[in-house]
Amino acid sequence: MDIIEGVIGFIALLMVFRIFLTRSRARKLLYLCCLSFCISALIALYVKSPMGGIVAIIYFICSTLTSNAIAYTIEQVKDIE
Amino acid sequence: MINIVLLYLISLITSIVVALLLKVPILPKKKPIRFSFETSIIFPTPILALGIEAILRNLFGNYIYLAFIAGLFGALLSKYAHKLFGEV
Amino acid sequence: MEILDIIKLIIAGIICWINFVLIDTYFGLPEKPGVLGAKTIGEKIKEIGGNLNGGYFMGNIVCSPDASAGTLLASIMNYLMGVEGGLITALLVWIGNRLCADPGYAGTTGALTITLIIYLLHPIIEAKYFVGGMILAIFSIQGFEHKYASILLGKIAKKMNRGE
C-alpha cells in the first residue's frame, strides 16, 4: 500500500469517528461530504482502470445528490417545527 | 498525435457552427453571468463537444465522422439543456 | 524516497486548495446559498461562531458538485487516462451540476484548470499526488475545524468582493 492510499484511508477513518461523536445534524453532513470524497478517491485508486474512474465519478455525483436532499429536508423540518 | 488534435478541432468547430445555426446566444443575456442558467456559445458548448468526442474516441477509435457527430450532439445538448434538466 | 513523496503531496495539496477556493469564490459560492440545504448549514456555522458567507461556501460544497469536486474527479481521471480524462470529467461534472439545480460554471472551470496544471507539471509531480493533495485540501475545509475554516473563507470572499 502506497503512502497516498494510506493518508486517504486514515482521513476516511477519522471522518467516521467524527460523524459518530458530533451531535449536530448539519455538521454531520459536512463530515459525510469529506468521507464521500475519500471513498470516491479510493475507488479510483484501487480499481486502476478508466471504468473505475467513471464509477468513482458516478458514485460521487449520486452521493452529492442525496446529501442535497438530506439538507433540504432538514431545512423543511425546521420550518415545520 | 497530430491526428488526435485535428479530431478535437473538428468537433469544436462543428459544435460552434451548429450552435450558431440553432440561435444559441454568444453570451448569456441575464446578468450577473455567474448565476444565470442560460447556455451560450462560450460556456458549455465547446466543453460538452470535447467531452463527447473524448468518450467516442476512446470507445470506437479515430474516425472523422465521429468527430462531426460529437460536435452535433454537443450543440444539441447545450441548446436543449433547459428542457432535459428542468428549472428548479 | 518517503520524504520526497510527502513534500510532493503537500505541494500538490496547496495547489489544489488555491485552485478550488479561488474559482469557487469567483463564481459566487459565498454570496448566497444555491439551494435551500446550503442555507441550513450556513446558519448552523454562524451559530457556532463562524462566518455566514464561509458557511454558505461550505454548504454549497455539500449540496452541489463545485470546483472542489471538479478538481478531485479531474485529477482522478488524469491519473487514469491522461488529458482526455479531464475533458470527460468536465462533461460529467456539468451534467451532475444541472441535476443538482446549479448552472455549472464552477465545477467545469475547476476541472479544466486542474487538467492544465497537471499537464504542465507532469514531469515533476505525477497526477496521483494531486488526488491525495485534493483530499488533504478538502479535509482542511470540511473535516478539521468548521469555525476557523469558515472565518478564513469569509475573509477571502470579502477580499474578492463576493462576501458582504
# chains A, B, ... in the order shown; residues from 1 in each chain; ligands from 1
>>> residues_around(residues="A:Ala26", least_positions_apart="2", cutoff="7 Å", atoms="only C-alpha atoms", output="PyMOL selection string")
(chain A and resi 24+28-30) or (chain C and resi 41+44)
>>> write_last_selection(atoms="N, CA and C atoms", output="mmCIF file, in the first residue's frame")
data_model
loop_
_atom_site.group_PDB
_atom_site.id
_atom_site.type_symbol
_atom_site.label_atom_id
_atom_site.label_comp_id
_atom_site.auth_asym_id
_atom_site.auth_seq_id
_atom_site.Cartn_x
_atom_site.Cartn_y
_atom_site.Cartn_z
ATOM 1 N N SER A 24 -24.554 17.711 16.176
ATOM 2 C CA SER A 24 -25.384 18.494 15.279
ATOM 3 C C SER A 24 -25.538 17.807 13.934
ATOM 4 N N LYS A 28 -22.724 16.871 10.893
ATOM 5 C CA LYS A 28 -22.531 15.501 10.421
ATOM 6 C C LYS A 28 -22.508 15.467 8.902
ATOM 7 N N LEU A 29 -23.357 16.325 8.260
ATOM 8 C CA LEU A 29 -23.379 16.355 6.800
ATOM 9 C C LEU A 29 -22.045 16.812 6.230
ATOM 10 N N LEU A 30 -21.382 17.770 6.898
ATOM 11 C CA LEU A 30 -20.096 18.244 6.389
ATOM 12 C C LEU A 30 -19.046 17.138 6.466
ATOM 13 N N ILE C 41 -26.876 24.758 6.551
ATOM 14 C CA ILE C 41 -25.507 24.577 7.009
ATOM 15 C C ILE C 41 -24.873 25.930 7.322
ATOM 16 N N LYS C 44 -26.096 27.141 10.683
ATOM 17 C CA LYS C 44 -25.522 26.395 11.804
ATOM 18 C C LYS C 44 -24.091 26.822 12.068
#
>>> closest_atom_pairs(of="chain A", to="chain C", cutoff="9 Å", atoms="only C-alpha atoms", output="tab-separated table")
residue	atom	partner	partner_atom	distance
A:Ile3	CA	C:Asp5	CA	7.9
A:Ile4	CA	C:Gly132	CA	5.7
A:Glu5	CA	C:Gly132	CA	7.7
A:Val7	CA	C:Gly132	CA	7.5
A:Ile8	CA	C:Gly132	CA	6.6
A:Ile11	CA	C:Phe139	CA	7.7
A:Leu14	CA	C:Gly143	CA	8.8
A:Met15	CA	C:Gly143	CA	6.9
A:Arg18	CA	C:Gly143	CA	8.5
A:Ser24	CA	C:Lys44	CA	8.6
A:Ala26	CA	C:Ile41	CA	5.5
A:Arg27	CA	C:Ile41	CA	7.5
A:Leu29	CA	C:Val62	CA	7.5
A:Leu30	CA	C:Gln142	CA	5.8
A:Tyr31	CA	C:Gly143	CA	5.6
A:Leu32	CA	C:Val62	CA	8.8
A:Cys33	CA	C:Val62	CA	5.9
A:Cys34	CA	C:Gln142	CA	6.2
A:Leu35	CA	C:Gly143	CA	8.8
A:Phe37	CA	C:Ile135	CA	6.9
A:Cys38	CA	C:Ile135	CA	6.6
A:Ser40	CA	C:Leu73	CA	8.5
A:Ala41	CA	C:Val131	CA	7.0
A:Ala44	CA	C:Ile76	CA	6.7
A:Leu45	CA	C:Ile76	CA	7.9
A:Lys48	CA	C:Leu80	CA	6.9
A:Ser49	CA	C:Leu80	CA	6.2
A:Pro50	CA	C:Leu80	CA	5.8
A:Gly52	CA	C:Leu80	CA	8.7
A:Gly53	CA	C:Met77	CA	6.0
A:Ile54	CA	C:Met77	CA	8.2
A:Ala56	CA	C:Leu73	CA	7.9
A:Ile57	CA	C:Leu73	CA	6.4
A:Ile58	CA	C:Leu92	CA	8.5
A:Phe60	CA	C:Ala69	CA	8.3
A:Ile61	CA	C:Gly96	CA	6.0
A:Cys62	CA	C:Gly96	CA	8.5
A:Thr64	CA	C:Cys63	CA	6.0
A:Leu65	CA	C:Cys100	CA	6.4
A:Thr66	CA	C:Cys63	CA	8.5
A:Ser67	CA	C:Cys63	CA	6.1
A:Asn68	CA	C:Cys63	CA	4.3
A:Ala69	CA	C:Gly37	CA	7.7
A:Ile70	CA	C:Gly37	CA	7.7
A:Ala71	CA	C:Gly37	CA	4.2
A:Tyr72	CA	C:Gly37	CA	4.2
A:Thr73	CA	C:Gly37	CA	7.6
A:Ile74	CA	C:Gly37	CA	7.5
A:Glu75	CA	C:Thr40	CA	5.8
A:Gln76	CA	C:Leu36	CA	8.8
>>> atom_distance(atom1="atom CA of C:Ile18", atom2="atom CA of C:Lys158")
16.0 Å
>>> interface_residues(of="chain B", to="chain A", cutoff="12 Å", atoms="only C-alpha atoms", output="CSV table (one decimal) with N, CA and C atoms, in the first residue's frame")
chain,number,residue,atom,x,y,z
B,55,ILE,N,-15.1,10.7,-25.2
B,55,ILE,CA,-15.7,9.4,-24.9
B,55,ILE,C,-15.8,8.5,-26.2
B,58,ASN,N,-12.4,7.1,-27.3
B,58,ASN,CA,-11.9,6.0,-26.5
B,58,ASN,C,-12.7,4.8,-26.7
B,59,LEU,N,-14.0,4.9,-27.1
B,59,LEU,CA,-14.8,3.7,-27.2
B,59,LEU,C,-14.6,3.1,-28.6
>>> residues_around(residues="stretch 33-38 of chain B", least_positions_apart="5", cutoff="7 Å", atoms="only C-alpha atoms", output="NGL selection string")
(:B and (28)) or (:C and (27 or 103 or 105))
>>> closest_residue(among="C:Gly163, C:Cys16, C:Leu153, C:Ala101", to="C:Thr115", atoms="only C-alpha atoms")
C:Cys16
>>> closest_atom_pairs(of="chain B", to="chain C", cutoff="10 Å", atoms="only C-alpha atoms", output="JSON lines")
{"residue": "B:Ile33", "atom": "CA", "partner": "C:Phe27", "partner_atom": "CA", "distance": 9.1}
{"residue": "B:Arg34", "atom": "CA", "partner": "C:Phe27", "partner_atom": "CA", "distance": 5.6}
{"residue": "B:Phe35", "atom": "CA", "partner": "C:Pro103", "partner_atom": "CA", "distance": 6.7}
{"residue": "B:Ser36", "atom": "CA", "partner": "C:Pro103", "partner_atom": "CA", "distance": 6.5}
{"residue": "B:Phe37", "atom": "CA", "partner": "C:Pro103", "partner_atom": "CA", "distance": 4.9}
{"residue": "B:Glu38", "atom": "CA", "partner": "C:Pro103", "partner_atom": "CA", "distance": 8.0}
{"residue": "B:Thr39", "atom": "CA", "partner": "C:Pro103", "partner_atom": "CA", "distance": 8.9}
{"residue": "B:Phe43", "atom": "CA", "partner": "C:Tyr105", "partner_atom": "CA", "distance": 7.9}
{"residue": "B:Pro44", "atom": "CA", "partner": "C:Trp94", "partner_atom": "CA", "distance": 8.1}
{"residue": "B:Ile47", "atom": "CA", "partner": "C:Leu91", "partner_atom": "CA", "distance": 6.6}
{"residue": "B:Leu48", "atom": "CA", "partner": "C:Leu91", "partner_atom": "CA", "distance": 5.4}
{"residue": "B:Ala49", "atom": "CA", "partner": "C:Leu91", "partner_atom": "CA", "distance": 8.5}
{"residue": "B:Leu50", "atom": "CA", "partner": "C:Leu87", "partner_atom": "CA", "distance": 6.4}
{"residue": "B:Gly51", "atom": "CA", "partner": "C:Ile88", "partner_atom": "CA", "distance": 4.5}
{"residue": "B:Ile52", "atom": "CA", "partner": "C:Ile88", "partner_atom": "CA", "distance": 7.2}
{"residue": "B:Glu53", "atom": "CA", "partner": "C:Ile88", "partner_atom": "CA", "distance": 8.7}
{"residue": "B:Ala54", "atom": "CA", "partner": "C:Glu84", "partner_atom": "CA", "distance": 5.8}
{"residue": "B:Ile55", "atom": "CA", "partner": "C:Ile88", "partner_atom": "CA", "distance": 6.7}
{"residue": "B:Arg57", "atom": "CA", "partner": "C:Glu84", "partner_atom": "CA", "distance": 9.6}
{"residue": "B:Asn58", "atom": "CA", "partner": "C:Glu84", "partner_atom": "CA", "distance": 9.0}
{"residue": "B:Gly74", "atom": "CA", "partner": "C:Leu91", "partner_atom": "CA", "distance": 9.8}
{"residue": "B:Ala81", "atom": "CA", "partner": "C:Arg98", "partner_atom": "CA", "distance": 8.4}
{"residue": "B:His82", "atom": "CA", "partner": "C:Arg98", "partner_atom": "CA", "distance": 9.1}
{"residue": "B:Leu84", "atom": "CA", "partner": "C:Arg98", "partner_atom": "CA", "distance": 9.4}
{"residue": "B:Phe85", "atom": "CA", "partner": "C:Arg98", "partner_atom": "CA", "distance": 6.4}
{"residue": "B:Gly86", "atom": "CA", "partner": "C:Ala101", "partner_atom": "CA", "distance": 8.4}
{"residue": "B:Glu87", "atom": "CA", "partner": "C:Ala101", "partner_atom": "CA", "distance": 7.3}
{"residue": "B:Val88", "atom": "CA", "partner": "C:Ala101", "partner_atom": "CA", "distance": 5.8}
>>> write_last_selection(atoms="C-alpha atoms", output="JSON list (two decimals), in the first residue's frame")
[["chain", "number", "residue", "atom", "x", "y", "z"],
["B", 33, "ILE", "CA", -23.37, 35.88, -15.71],
["B", 34, "ARG", "CA", -22.15, 33.64, -12.90],
["B", 35, "PHE", "CA", -25.68, 32.92, -11.66],
["B", 36, "SER", "CA", -27.53, 32.51, -14.95],
["B", 37, "PHE", "CA", -28.72, 29.13, -16.22],
["B", 38, "GLU", "CA", -28.72, 30.11, -19.91],
["B", 39, "THR", "CA", -26.33, 28.25, -22.16],
["B", 43, "PHE", "CA", -19.64, 28.37, -21.88],
["B", 44, "PRO", "CA", -20.93, 24.83, -22.09],
["B", 47, "ILE", "CA", -16.76, 21.73, -23.32],
["B", 48, "LEU", "CA", -19.62, 19.33, -24.00],
["B", 49, "ALA", "CA", -18.42, 18.71, -27.56],
["B", 50, "LEU", "CA", -14.85, 17.94, -26.47],
["B", 51, "GLY", "CA", -16.09, 15.65, -23.69],
["B", 52, "ILE", "CA", -18.36, 13.67, -26.02],
["B", 53, "GLU", "CA", -15.54, 13.41, -28.58],
["B", 54, "ALA", "CA", -13.17, 12.08, -25.85],
["B", 55, "ILE", "CA", -15.71, 9.39, -24.90],
["B", 57, "ARG", "CA", -12.70, 8.32, -29.42],
["B", 58, "ASN", "CA", -11.89, 6.03, -26.51],
["B", 74, "GLY", "CA", -22.60, 18.96, -28.07],
["B", 81, "ALA", "CA", -30.43, 21.56, -21.69],
["B", 82, "HIS", "CA", -33.29, 23.52, -20.20],
["B", 84, "LEU", "CA", -33.83, 17.99, -20.37],
["B", 85, "PHE", "CA", -32.97, 19.06, -16.87],
["B", 86, "GLY", "CA", -35.81, 21.34, -15.92],
["B", 87, "GLU", "CA", -35.84, 24.54, -13.95],
["B", 88, "VAL", "CA", -35.59, 24.38, -10.17]]
>>> residues_around(residues="C:Thr25", least_positions_apart="6", cutoff="9 Å", atoms="only C-alpha atoms", output="PyMOL selection string")
chain C and resi 31+57+153+156-157+160+162-163
